Amino acid sequence: MQEKRTLYLAGKITGDPYYFTKFYNAQKKLEEGGFIVVNPALLPLFSSGLEREQRREI
């Protein structure tokens with residue numbers, strides 16, 4: 001059995017009202033291809049109330 005590789009999904013979030021759907025769809029396609037996906041759109045940083053520059057520092 002082949003070990004799954006983990007990918008961090010990167011792309012524009014700020015200013016794109018459709019980012020969540022785009023990231024979700026990309027995540028599903030990659031998972032179907034056998035990858036483990038870290039999706040930043042699902043991380044609590046974006047619902048934390050932190051400003052963009054504060055999130056970047058993390």
# chains A, B, ... in the order shown; residues from 1 in each chain; ligands from 1
$ residues_around --residues "region 17-31 of chain A" --least-positions-apart "3" --cutoff "10 Å" --atoms "only C-alpha atoms" --output "PyMOL selection string"
chain A and resi 4+6-14+34-42
$ select_by_dssp --residues "chain A" --states "helix (DSSP H, G or I)" --output "list in words"
Tyr19, Phe20, Thr21, Lys22, Phe23, Tyr24, Asn25, Ala26, Gln27, Lys28, Lys29, Leu30, Glu31, Glu32, Pro40, Ala41, Leu42, Pro44, Leu45, Phe46, Ser47, Arg52, Glu53, Gln54, Arg55, Arg56 and Glu57 of chain A
